[in-house]
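Structure below is upload.txt: compact mmCIF, N, CA and C atoms.
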```txt
# COMPACT_ATOMS: atom_id res chain seq x y z
N MET A 1 5.87 34.71 -30.03
CA MET A 1 4.63 34.88 -29.30
C MET A 1 3.56 33.90 -29.79
N ARG A 2 3.49 33.74 -31.12
CA ARG A 2 2.50 32.83 -31.69
C ARG A 2 2.75 31.39 -31.23
N GLN A 3 4.02 31.01 -31.18
CA GLN A 3 4.36 29.66 -30.73
C GLN A 3 3.96 29.45 -29.28
N LEU A 4 4.15 30.45 -28.47
CA LEU A 4 3.77 30.37 -27.06
C LEU A 4 2.26 30.20 -26.92
N LEU A 5 1.49 30.95 -27.68
CA LEU A 5 0.03 30.82 -27.65
C LEU A 5 -0.42 29.43 -28.11
N LEU A 6 0.20 28.91 -29.15
CA LEU A 6 -0.13 27.56 -29.62
C LEU A 6 0.21 26.51 -28.56
N LEU A 7 1.33 26.68 -27.92
CA LEU A 7 1.74 25.76 -26.86
C LEU A 7 0.75 25.81 -25.70
N LEU A 8 0.36 27.00 -25.27
CA LEU A 8 -0.61 27.14 -24.18
C LEU A 8 -1.96 26.54 -24.58
N TRP A 9 -2.41 26.79 -25.80
CA TRP A 9 -3.67 26.24 -26.27
C TRP A 9 -3.62 24.71 -26.27
N GLY A 10 -2.54 24.14 -26.75
CA GLY A 10 -2.38 22.68 -26.74
C GLY A 10 -2.37 22.12 -25.32
N LEU A 11 -1.73 22.81 -24.42
CA LEU A 11 -1.68 22.38 -23.02
C LEU A 11 -3.07 22.41 -22.39
N ILE A 12 -3.84 23.44 -22.68
CA ILE A 12 -5.20 23.55 -22.16
C ILE A 12 -6.06 22.41 -22.69
N LEU A 13 -5.96 22.11 -23.96
CA LEU A 13 -6.73 21.01 -24.54
C LEU A 13 -6.33 19.67 -23.93
N PHE A 14 -5.04 19.45 -23.74
CA PHE A 14 -4.56 18.20 -23.17
C PHE A 14 -5.06 18.01 -21.74
N VAL A 15 -4.97 19.03 -20.92
CA VAL A 15 -5.39 18.95 -19.53
C VAL A 15 -6.91 18.86 -19.44
N GLY A 16 -7.62 19.58 -20.26
CA GLY A 16 -9.07 19.62 -20.21
C GLY A 16 -9.74 18.32 -20.64
N CYS A 17 -9.04 17.46 -21.38
CA CYS A 17 -9.65 16.22 -21.89
C CYS A 17 -9.52 15.06 -20.92
N GLY A 18 -8.71 15.18 -19.90
CA GLY A 18 -8.53 14.08 -18.95
C GLY A 18 -9.71 13.95 -18.00
N LYS A 19 -9.97 12.74 -17.58
CA LYS A 19 -11.05 12.48 -16.62
C LYS A 19 -10.43 12.32 -15.23
N LEU A 20 -10.81 13.18 -14.32
CA LEU A 20 -10.31 13.10 -12.96
C LEU A 20 -11.13 12.09 -12.17
N PRO A 21 -10.54 11.44 -11.18
CA PRO A 21 -11.31 10.51 -10.35
C PRO A 21 -12.43 11.26 -9.62
N ILE A 22 -13.63 10.66 -9.62
CA ILE A 22 -14.75 11.30 -8.94
C ILE A 22 -15.18 10.52 -7.70
N ASN A 23 -14.57 9.36 -7.51
CA ASN A 23 -14.98 8.49 -6.41
C ASN A 23 -13.95 8.40 -5.29
N GLY A 24 -13.02 9.32 -5.26
CA GLY A 24 -12.00 9.33 -4.20
C GLY A 24 -11.21 8.04 -4.17
N ASP A 25 -11.03 7.48 -2.98
CA ASP A 25 -10.24 6.27 -2.81
C ASP A 25 -10.84 5.06 -3.51
N LEU A 26 -12.12 5.09 -3.85
CA LEU A 26 -12.76 3.94 -4.49
C LEU A 26 -12.27 3.73 -5.92
N ASP A 27 -11.92 4.80 -6.62
CA ASP A 27 -11.44 4.66 -7.99
C ASP A 27 -10.15 3.87 -8.04
N GLY A 28 -10.05 3.00 -9.04
CA GLY A 28 -8.84 2.22 -9.24
C GLY A 28 -9.15 0.74 -9.41
N GLN A 29 -8.11 -0.05 -9.31
CA GLN A 29 -8.23 -1.50 -9.46
C GLN A 29 -8.06 -2.18 -8.10
N TRP A 30 -9.03 -3.03 -7.76
CA TRP A 30 -9.06 -3.72 -6.48
C TRP A 30 -9.00 -5.22 -6.70
N GLN A 31 -8.12 -5.90 -5.99
CA GLN A 31 -8.02 -7.36 -6.07
C GLN A 31 -8.82 -7.98 -4.93
N ILE A 32 -9.67 -8.94 -5.28
CA ILE A 32 -10.45 -9.63 -4.25
C ILE A 32 -9.51 -10.57 -3.50
N GLN A 33 -9.43 -10.41 -2.19
CA GLN A 33 -8.61 -11.28 -1.36
C GLN A 33 -9.45 -12.39 -0.74
N GLU A 34 -10.70 -12.06 -0.37
CA GLU A 34 -11.53 -13.05 0.30
C GLU A 34 -13.00 -12.72 0.08
N ILE A 35 -13.79 -13.78 -0.12
CA ILE A 35 -15.25 -13.66 -0.13
C ILE A 35 -15.75 -14.57 0.98
N ARG A 36 -16.42 -13.98 1.96
CA ARG A 36 -16.98 -14.72 3.09
C ARG A 36 -18.51 -14.68 2.95
N TYR A 37 -19.09 -15.84 2.60
CA TYR A 37 -20.52 -15.91 2.34
C TYR A 37 -21.29 -15.99 3.65
N THR A 38 -22.55 -15.59 3.61
CA THR A 38 -23.38 -15.59 4.82
C THR A 38 -23.64 -17.01 5.32
N ASP A 39 -23.47 -18.03 4.46
CA ASP A 39 -23.67 -19.41 4.90
C ASP A 39 -22.41 -20.00 5.54
N GLY A 40 -21.35 -19.20 5.67
CA GLY A 40 -20.13 -19.64 6.34
C GLY A 40 -19.00 -20.04 5.40
N ARG A 41 -19.28 -20.26 4.12
CA ARG A 41 -18.22 -20.61 3.17
C ARG A 41 -17.27 -19.42 2.98
N VAL A 42 -16.01 -19.74 2.71
CA VAL A 42 -15.01 -18.72 2.43
C VAL A 42 -14.27 -19.12 1.15
N GLU A 43 -14.12 -18.16 0.24
CA GLU A 43 -13.38 -18.39 -1.00
C GLU A 43 -12.33 -17.30 -1.17
N THR A 44 -11.25 -17.68 -1.83
CA THR A 44 -10.20 -16.73 -2.19
C THR A 44 -9.97 -16.85 -3.70
N PRO A 45 -10.74 -16.09 -4.50
CA PRO A 45 -10.63 -16.21 -5.95
C PRO A 45 -9.23 -15.87 -6.44
N GLU A 46 -8.78 -16.59 -7.46
CA GLU A 46 -7.47 -16.33 -8.06
C GLU A 46 -7.56 -15.14 -9.00
N ARG A 47 -6.83 -14.11 -8.71
CA ARG A 47 -6.65 -12.96 -9.57
C ARG A 47 -7.97 -12.43 -10.14
N ALA A 48 -8.90 -12.11 -9.25
CA ALA A 48 -10.17 -11.50 -9.61
C ALA A 48 -10.16 -10.05 -9.15
N TYR A 49 -10.64 -9.16 -10.00
CA TYR A 49 -10.50 -7.73 -9.75
C TYR A 49 -11.79 -6.97 -9.98
N TYR A 50 -11.98 -5.92 -9.19
CA TYR A 50 -12.98 -4.89 -9.42
C TYR A 50 -12.22 -3.67 -9.92
N CYS A 51 -12.58 -3.15 -11.08
CA CYS A 51 -11.95 -1.95 -11.62
C CYS A 51 -13.01 -0.85 -11.67
N VAL A 52 -12.77 0.24 -10.94
CA VAL A 52 -13.75 1.30 -10.78
C VAL A 52 -13.20 2.58 -11.39
N GLN A 53 -14.01 3.19 -12.29
CA GLN A 53 -13.65 4.49 -12.85
C GLN A 53 -14.94 5.21 -13.23
N LEU A 54 -15.05 6.44 -12.77
CA LEU A 54 -16.23 7.26 -13.00
C LEU A 54 -17.48 6.51 -12.54
N HIS A 55 -18.42 6.21 -13.43
CA HIS A 55 -19.66 5.52 -13.06
C HIS A 55 -19.67 4.09 -13.62
N THR A 56 -18.49 3.59 -13.95
CA THR A 56 -18.37 2.27 -14.57
C THR A 56 -17.58 1.33 -13.68
N ILE A 57 -18.02 0.07 -13.64
CA ILE A 57 -17.28 -0.95 -12.92
C ILE A 57 -17.05 -2.12 -13.88
N THR A 58 -15.84 -2.64 -13.87
CA THR A 58 -15.49 -3.81 -14.67
C THR A 58 -14.99 -4.88 -13.72
N LEU A 59 -15.56 -6.06 -13.83
CA LEU A 59 -15.15 -7.20 -13.02
C LEU A 59 -14.34 -8.11 -13.94
N ARG A 60 -13.09 -8.35 -13.56
CA ARG A 60 -12.20 -9.15 -14.41
C ARG A 60 -11.56 -10.26 -13.60
N GLN A 61 -11.36 -11.37 -14.25
CA GLN A 61 -10.54 -12.44 -13.69
C GLN A 61 -9.51 -12.77 -14.76
N VAL A 62 -8.25 -12.80 -14.38
CA VAL A 62 -7.18 -13.05 -15.35
C VAL A 62 -7.50 -14.32 -16.11
N GLY A 63 -7.44 -14.22 -17.44
CA GLY A 63 -7.77 -15.34 -18.30
C GLY A 63 -9.17 -15.25 -18.87
N ASN A 64 -10.02 -14.40 -18.31
CA ASN A 64 -11.38 -14.19 -18.80
C ASN A 64 -11.51 -12.78 -19.34
N TYR A 65 -10.88 -12.51 -20.46
CA TYR A 65 -10.93 -11.19 -21.05
C TYR A 65 -12.18 -11.09 -21.90
N PRO A 66 -12.93 -10.02 -21.93
CA PRO A 66 -12.67 -8.71 -21.37
C PRO A 66 -13.26 -8.52 -19.98
N GLY A 67 -14.03 -9.48 -19.46
CA GLY A 67 -14.63 -9.33 -18.15
C GLY A 67 -16.08 -8.88 -18.27
N GLU A 68 -16.64 -8.50 -17.16
CA GLU A 68 -18.03 -8.07 -17.08
C GLU A 68 -18.05 -6.58 -16.75
N THR A 69 -18.76 -5.81 -17.54
CA THR A 69 -18.80 -4.36 -17.34
C THR A 69 -20.23 -3.92 -17.04
N GLY A 70 -20.34 -3.00 -16.09
CA GLY A 70 -21.65 -2.49 -15.72
C GLY A 70 -21.57 -1.08 -15.18
N ASN A 71 -22.66 -0.65 -14.60
CA ASN A 71 -22.77 0.69 -14.03
C ASN A 71 -22.70 0.61 -12.52
N MET A 72 -22.23 1.67 -11.90
CA MET A 72 -22.19 1.72 -10.45
C MET A 72 -22.50 3.12 -9.96
N VAL A 73 -23.06 3.15 -8.75
CA VAL A 73 -23.33 4.42 -8.08
C VAL A 73 -22.72 4.31 -6.69
N TYR A 74 -21.87 5.27 -6.38
CA TYR A 74 -21.21 5.34 -5.07
C TYR A 74 -21.76 6.55 -4.35
N GLU A 75 -22.51 6.29 -3.27
CA GLU A 75 -23.08 7.37 -2.48
C GLU A 75 -22.90 7.05 -1.00
N GLY A 76 -22.24 7.95 -0.30
CA GLY A 76 -22.05 7.77 1.14
C GLY A 76 -21.33 6.47 1.45
N ASP A 77 -22.00 5.57 2.16
CA ASP A 77 -21.38 4.30 2.51
C ASP A 77 -22.02 3.14 1.74
N GLN A 78 -22.54 3.43 0.54
CA GLN A 78 -23.15 2.39 -0.28
C GLN A 78 -22.56 2.38 -1.68
N LEU A 79 -22.45 1.17 -2.24
CA LEU A 79 -22.03 0.97 -3.62
C LEU A 79 -23.11 0.11 -4.28
N ARG A 80 -23.80 0.71 -5.26
CA ARG A 80 -24.82 -0.03 -6.00
C ARG A 80 -24.25 -0.40 -7.37
N ILE A 81 -24.33 -1.69 -7.69
CA ILE A 81 -23.79 -2.20 -8.94
C ILE A 81 -24.93 -2.76 -9.78
N ASP A 82 -24.92 -2.42 -11.08
CA ASP A 82 -25.91 -2.92 -12.03
C ASP A 82 -25.15 -3.48 -13.23
N MET A 83 -25.29 -4.78 -13.45
CA MET A 83 -24.60 -5.47 -14.54
C MET A 83 -25.64 -5.99 -15.53
N PRO A 84 -26.28 -5.11 -16.33
CA PRO A 84 -27.42 -5.50 -17.14
C PRO A 84 -27.11 -6.49 -18.26
N LEU A 85 -25.88 -6.56 -18.71
CA LEU A 85 -25.53 -7.45 -19.82
C LEU A 85 -24.87 -8.74 -19.35
N SER A 86 -24.81 -8.96 -18.07
CA SER A 86 -24.10 -10.13 -17.51
C SER A 86 -25.08 -11.22 -17.10
N ASP A 87 -24.56 -12.42 -17.03
CA ASP A 87 -25.30 -13.57 -16.51
C ASP A 87 -24.87 -13.78 -15.06
N VAL A 88 -25.82 -14.06 -14.19
CA VAL A 88 -25.52 -14.21 -12.75
C VAL A 88 -24.43 -15.26 -12.52
N SER A 89 -24.44 -16.32 -13.30
CA SER A 89 -23.43 -17.38 -13.11
C SER A 89 -22.01 -16.85 -13.33
N ASP A 90 -21.85 -15.82 -14.18
CA ASP A 90 -20.53 -15.23 -14.41
C ASP A 90 -20.13 -14.26 -13.32
N LEU A 91 -21.09 -13.83 -12.50
CA LEU A 91 -20.82 -12.82 -11.47
C LEU A 91 -20.51 -13.43 -10.10
N ARG A 92 -20.84 -14.67 -9.89
CA ARG A 92 -20.68 -15.27 -8.56
C ARG A 92 -19.23 -15.34 -8.12
N VAL A 93 -18.30 -15.51 -9.04
CA VAL A 93 -16.89 -15.55 -8.67
C VAL A 93 -16.44 -14.20 -8.09
N PHE A 94 -17.22 -13.15 -8.32
CA PHE A 94 -16.90 -11.81 -7.82
C PHE A 94 -17.71 -11.46 -6.57
N GLY A 95 -18.44 -12.43 -6.02
CA GLY A 95 -19.19 -12.19 -4.80
C GLY A 95 -20.55 -11.56 -5.01
N LEU A 96 -21.06 -11.60 -6.23
CA LEU A 96 -22.39 -11.06 -6.52
C LEU A 96 -23.37 -12.21 -6.68
N ASP A 97 -24.59 -12.00 -6.22
CA ASP A 97 -25.63 -13.03 -6.31
C ASP A 97 -26.74 -12.62 -7.28
N ASP A 98 -26.60 -11.47 -7.92
CA ASP A 98 -27.62 -10.98 -8.83
C ASP A 98 -26.95 -9.96 -9.76
N THR A 99 -27.65 -9.58 -10.82
CA THR A 99 -27.10 -8.57 -11.72
C THR A 99 -27.22 -7.16 -11.15
N LYS A 100 -28.02 -7.02 -10.10
CA LYS A 100 -28.12 -5.76 -9.35
C LYS A 100 -27.80 -6.08 -7.90
N GLU A 101 -26.80 -5.42 -7.37
CA GLU A 101 -26.36 -5.70 -5.99
C GLU A 101 -26.06 -4.39 -5.29
N THR A 102 -26.41 -4.33 -4.02
CA THR A 102 -26.07 -3.16 -3.20
C THR A 102 -25.16 -3.62 -2.08
N PHE A 103 -24.03 -2.96 -1.96
CA PHE A 103 -23.06 -3.26 -0.91
C PHE A 103 -22.99 -2.10 0.07
N ALA A 104 -22.86 -2.43 1.33
CA ALA A 104 -22.47 -1.43 2.33
C ALA A 104 -20.95 -1.38 2.31
N ILE A 105 -20.40 -0.20 2.29
CA ILE A 105 -18.94 -0.05 2.35
C ILE A 105 -18.58 0.06 3.82
N THR A 106 -18.05 -1.03 4.37
CA THR A 106 -17.73 -1.03 5.80
C THR A 106 -16.31 -0.54 6.07
N GLU A 107 -15.48 -0.55 5.03
CA GLU A 107 -14.13 0.01 5.17
C GLU A 107 -13.65 0.45 3.80
N LEU A 108 -13.08 1.65 3.73
CA LEU A 108 -12.51 2.17 2.49
C LEU A 108 -11.34 3.06 2.84
N SER A 109 -10.18 2.68 2.33
CA SER A 109 -8.98 3.51 2.47
C SER A 109 -8.27 3.47 1.12
N SER A 110 -7.12 4.07 1.06
CA SER A 110 -6.37 4.08 -0.20
C SER A 110 -5.81 2.70 -0.54
N SER A 111 -5.87 1.74 0.40
CA SER A 111 -5.31 0.41 0.14
C SER A 111 -6.24 -0.76 0.45
N ARG A 112 -7.36 -0.51 1.12
CA ARG A 112 -8.23 -1.61 1.56
C ARG A 112 -9.70 -1.23 1.39
N LEU A 113 -10.49 -2.23 0.94
CA LEU A 113 -11.92 -2.04 0.74
C LEU A 113 -12.65 -3.27 1.26
N VAL A 114 -13.68 -3.05 2.07
CA VAL A 114 -14.52 -4.14 2.56
C VAL A 114 -15.96 -3.80 2.20
N LEU A 115 -16.58 -4.71 1.44
CA LEU A 115 -17.96 -4.56 0.99
C LEU A 115 -18.82 -5.65 1.61
N THR A 116 -20.01 -5.30 2.07
CA THR A 116 -20.91 -6.27 2.69
C THR A 116 -22.29 -6.19 2.04
N SER A 117 -22.81 -7.36 1.67
CA SER A 117 -24.17 -7.45 1.14
C SER A 117 -24.93 -8.51 1.93
N ASP A 118 -26.17 -8.75 1.55
CA ASP A 118 -26.94 -9.82 2.17
C ASP A 118 -26.38 -11.19 1.82
N TYR A 119 -25.54 -11.25 0.80
CA TYR A 119 -25.02 -12.50 0.26
C TYR A 119 -23.59 -12.82 0.74
N ALA A 120 -22.75 -11.78 0.84
CA ALA A 120 -21.34 -12.03 1.14
C ALA A 120 -20.65 -10.77 1.66
N ARG A 121 -19.48 -11.00 2.24
CA ARG A 121 -18.59 -9.92 2.67
C ARG A 121 -17.30 -10.08 1.87
N LEU A 122 -16.93 -9.03 1.13
CA LEU A 122 -15.76 -9.06 0.27
C LEU A 122 -14.66 -8.20 0.87
N THR A 123 -13.46 -8.74 0.89
CA THR A 123 -12.29 -7.99 1.31
C THR A 123 -11.39 -7.85 0.09
N LEU A 124 -11.03 -6.60 -0.23
CA LEU A 124 -10.23 -6.32 -1.40
C LEU A 124 -9.04 -5.44 -1.03
N ARG A 125 -8.00 -5.50 -1.84
CA ARG A 125 -6.85 -4.63 -1.65
C ARG A 125 -6.59 -3.87 -2.96
N LYS A 126 -6.13 -2.64 -2.83
CA LYS A 126 -5.81 -1.83 -4.01
C LYS A 126 -4.65 -2.48 -4.71
N PHE A 127 -4.76 -2.62 -6.01
CA PHE A 127 -3.72 -3.32 -6.79
C PHE A 127 -3.02 -2.34 -7.67
```
Written form, structure tokens:
Amino acid sequence: MRQLLLLLWGLILFVGCGKLPINGDLDGQWQIQEIRYTDGRVETPERAYYCVQLHTITLRQVGNYPGETGNMVYEGDQLRIDMPLSDVSDLRVFGLDDTKETFAITELSSSRLVLTSDYARLTLRKF
């Protein structure tokens, strides 16, 4: 009986410590497929990713470890990103024009994400 109680207690602690996704389909790792700027330019960054978990966003490009980390707020059809420790020049490859950016989420599914700002339209796929 004691062993069973210890096992149940351990199971409760293990399950209780995990962080469940709070952002639905938005949580996870997204690969940027295309950035279409408002001036007509189009870029396809090599292996650039948005990683979303809880209230944190990490922007990574393979070869640039550890990437840029900031805060994000996902409400309704908007994604607000704040990268207070980043330099704007490091964020442009990810389709951001400032350390604070607000995107309209024009499409979100379990496999595809389209973000639109005054600066660019980003198309991403779940990776």
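Using only C-alpha atoms for every distance, the candidate list A:Lys100, A:Arg92, A:Arg112, A:Lys126 yields A:Arg92 as the residue closest to Glu43 of chain A.
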Exercise. Write out as a PyMOL selection string which residues come within 7 Å of Ile32 of chain A when counting all atoms listed in the file, dropping same-chain ones fewer than 5 positions away.
Key: chain A and resi 44-45+47-50+122-125
Practice problem: Identify, on the basis of only N, CA and C atoms, every residue whose closest approach to segment 84-90 of chain A does not exceed 8 Å; exclude the query and any residue fewer than 4 positions from it along the same chain; express the result as a ChimeraX atom specification. | Solution: /A:68-71,94-100
Emit the selected residues as an mmCIF file, in the coordinates of the input, including N, CA and C atoms.
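Saved to again13.cif:
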```cif
data_model
loop_
_atom_site.group_PDB
_atom_site.id
_atom_site.type_symbol
_atom_site.label_atom_id
_atom_site.label_comp_id
_atom_site.auth_asym_id
_atom_site.auth_seq_id
_atom_site.Cartn_x
_atom_site.Cartn_y
_atom_site.Cartn_z
ATOM 1 N N GLU A 68 -16.640 -8.500 -17.160
ATOM 2 C CA GLU A 68 -18.030 -8.070 -17.080
ATOM 3 C C GLU A 68 -18.050 -6.580 -16.750
ATOM 4 N N THR A 69 -18.760 -5.810 -17.540
ATOM 5 C CA THR A 69 -18.800 -4.360 -17.340
ATOM 6 C C THR A 69 -20.230 -3.920 -17.040
ATOM 7 N N GLY A 70 -20.340 -3.000 -16.090
ATOM 8 C CA GLY A 70 -21.650 -2.490 -15.720
ATOM 9 C C GLY A 70 -21.570 -1.080 -15.180
ATOM 10 N N ASN A 71 -22.660 -0.650 -14.600
ATOM 11 C CA ASN A 71 -22.770 0.690 -14.030
ATOM 12 C C ASN A 71 -22.700 0.610 -12.520
ATOM 13 N N PHE A 94 -17.220 -13.150 -8.320
ATOM 14 C CA PHE A 94 -16.900 -11.810 -7.820
ATOM 15 C C PHE A 94 -17.710 -11.460 -6.570
ATOM 16 N N GLY A 95 -18.440 -12.430 -6.020
ATOM 17 C CA GLY A 95 -19.190 -12.190 -4.800
ATOM 18 C C GLY A 95 -20.550 -11.560 -5.010
ATOM 19 N N LEU A 96 -21.060 -11.600 -6.230
ATOM 20 C CA LEU A 96 -22.390 -11.060 -6.520
ATOM 21 C C LEU A 96 -23.370 -12.210 -6.680
ATOM 22 N N ASP A 97 -24.590 -12.000 -6.220
ATOM 23 C CA ASP A 97 -25.630 -13.030 -6.310
ATOM 24 C C ASP A 97 -26.740 -12.620 -7.280
ATOM 25 N N ASP A 98 -26.600 -11.470 -7.920
ATOM 26 C CA ASP A 98 -27.620 -10.980 -8.830
ATOM 27 C C ASP A 98 -26.950 -9.960 -9.760
ATOM 28 N N THR A 99 -27.650 -9.580 -10.820
ATOM 29 C CA THR A 99 -27.100 -8.570 -11.720
ATOM 30 C C THR A 99 -27.220 -7.160 -11.150
ATOM 31 N N LYS A 100 -28.020 -7.020 -10.100
ATOM 32 C CA LYS A 100 -28.120 -5.760 -9.350
ATOM 33 C C LYS A 100 -27.800 -6.080 -7.900
#
```
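Between atom CA of Gln29 of chain A and atom CA of Ser109 of chain A the interatomic distance comes to 13.0 Å.
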Self-check item: Backbone DSSP call of alpha helix (DSSP H) for chain A, listed as a ChimeraX atom specification
Solution: /A:2-16,88-91
Practice problem: Grab the atom CA of Ala104 of chain A to atom C of Val52 of chain A distance for me, in Å with one decimal place. | Solution: 17.0 Å
Quiz item: What does the distance between atom CA of Tyr119 of chain A and atom CA of Leu79 of chain A come to in Å, to one decimal place?
Solution: 14.3 Å
Please produce segment 115-123 of chain A, completed to all heavy atoms, as an mmCIF file, keeping the file's coordinate frame.
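File part-v4.cif, as written:
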```cif
data_model
loop_
_atom_site.group_PDB
_atom_site.id
_atom_site.type_symbol
_atom_site.label_atom_id
_atom_site.label_comp_id
_atom_site.auth_asym_id
_atom_site.auth_seq_id
_atom_site.Cartn_x
_atom_site.Cartn_y
_atom_site.Cartn_z
ATOM 1 N N LEU A 115 -16.580 -4.710 1.440
ATOM 2 C CA LEU A 115 -17.960 -4.560 0.990
ATOM 3 C C LEU A 115 -18.820 -5.650 1.610
ATOM 4 O O LEU A 115 -18.399 -6.814 1.658
ATOM 5 C CB LEU A 115 -18.045 -4.690 -0.540
ATOM 6 C CG LEU A 115 -17.213 -3.713 -1.361
ATOM 7 C CD1 LEU A 115 -17.267 -4.089 -2.842
ATOM 8 C CD2 LEU A 115 -17.720 -2.294 -1.155
ATOM 9 N N THR A 116 -20.010 -5.300 2.070
ATOM 10 C CA THR A 116 -20.910 -6.270 2.690
ATOM 11 C C THR A 116 -22.290 -6.190 2.040
ATOM 12 O O THR A 116 -22.838 -5.099 1.888
ATOM 13 C CB THR A 116 -21.030 -5.995 4.203
ATOM 14 O OG1 THR A 116 -19.720 -5.964 4.772
ATOM 15 C CG2 THR A 116 -21.848 -7.074 4.886
ATOM 16 N N SER A 117 -22.810 -7.360 1.670
ATOM 17 C CA SER A 117 -24.170 -7.450 1.140
ATOM 18 C C SER A 117 -24.930 -8.510 1.930
ATOM 19 O O SER A 117 -24.379 -9.132 2.842
ATOM 20 C CB SER A 117 -24.141 -7.819 -0.347
ATOM 21 O OG SER A 117 -23.760 -9.172 -0.516
ATOM 22 N N ASP A 118 -26.170 -8.750 1.550
ATOM 23 C CA ASP A 118 -26.940 -9.820 2.170
ATOM 24 C C ASP A 118 -26.380 -11.190 1.820
ATOM 25 O O ASP A 118 -26.681 -12.180 2.477
ATOM 26 C CB ASP A 118 -28.406 -9.765 1.711
ATOM 27 C CG ASP A 118 -29.103 -8.513 2.186
ATOM 28 O OD1 ASP A 118 -28.636 -7.921 3.183
ATOM 29 O OD2 ASP A 118 -30.104 -8.125 1.563
ATOM 30 N N TYR A 119 -25.540 -11.250 0.800
ATOM 31 C CA TYR A 119 -25.020 -12.500 0.260
ATOM 32 C C TYR A 119 -23.590 -12.820 0.740
ATOM 33 O O TYR A 119 -23.267 -13.965 0.994
ATOM 34 C CB TYR A 119 -25.053 -12.406 -1.267
ATOM 35 C CG TYR A 119 -24.530 -13.578 -2.029
ATOM 36 C CD1 TYR A 119 -25.168 -14.806 -1.982
ATOM 37 C CD2 TYR A 119 -23.402 -13.453 -2.842
ATOM 38 C CE1 TYR A 119 -24.698 -15.879 -2.712
ATOM 39 C CE2 TYR A 119 -22.933 -14.515 -3.577
ATOM 40 C CZ TYR A 119 -23.583 -15.729 -3.512
ATOM 41 O OH TYR A 119 -23.116 -16.789 -4.237
ATOM 42 N N ALA A 120 -22.750 -11.780 0.840
ATOM 43 C CA ALA A 120 -21.340 -12.030 1.140
ATOM 44 C C ALA A 120 -20.650 -10.770 1.660
ATOM 45 O O ALA A 120 -21.151 -9.653 1.521
ATOM 46 C CB ALA A 120 -20.620 -12.514 -0.114
ATOM 47 N N ARG A 121 -19.480 -11.000 2.240
ATOM 48 C CA ARG A 121 -18.590 -9.920 2.670
ATOM 49 C C ARG A 121 -17.300 -10.080 1.870
ATOM 50 O O ARG A 121 -16.649 -11.132 1.920
ATOM 51 C CB ARG A 121 -18.308 -10.036 4.167
ATOM 52 C CG ARG A 121 -17.327 -9.019 4.699
ATOM 53 C CD ARG A 121 -17.075 -9.275 6.195
ATOM 54 N NE ARG A 121 -15.952 -8.549 6.681
ATOM 55 C CZ ARG A 121 -16.024 -7.382 7.324
ATOM 56 N NH1 ARG A 121 -17.200 -6.837 7.542
ATOM 57 N NH2 ARG A 121 -14.940 -6.774 7.733
ATOM 58 N N LEU A 122 -16.930 -9.030 1.130
ATOM 59 C CA LEU A 122 -15.760 -9.060 0.270
ATOM 60 C C LEU A 122 -14.660 -8.200 0.870
ATOM 61 O O LEU A 122 -14.912 -7.073 1.286
ATOM 62 C CB LEU A 122 -16.076 -8.521 -1.123
ATOM 63 C CG LEU A 122 -16.917 -9.370 -2.050
ATOM 64 C CD1 LEU A 122 -18.328 -9.514 -1.583
ATOM 65 C CD2 LEU A 122 -16.865 -8.795 -3.441
ATOM 66 N N THR A 123 -13.460 -8.740 0.890
ATOM 67 C CA THR A 123 -12.290 -7.990 1.310
ATOM 68 C C THR A 123 -11.390 -7.850 0.090
ATOM 69 O O THR A 123 -11.026 -8.848 -0.544
ATOM 70 C CB THR A 123 -11.549 -8.722 2.448
ATOM 71 O OG1 THR A 123 -12.457 -8.924 3.534
ATOM 72 C CG2 THR A 123 -10.362 -7.914 2.938
#
```
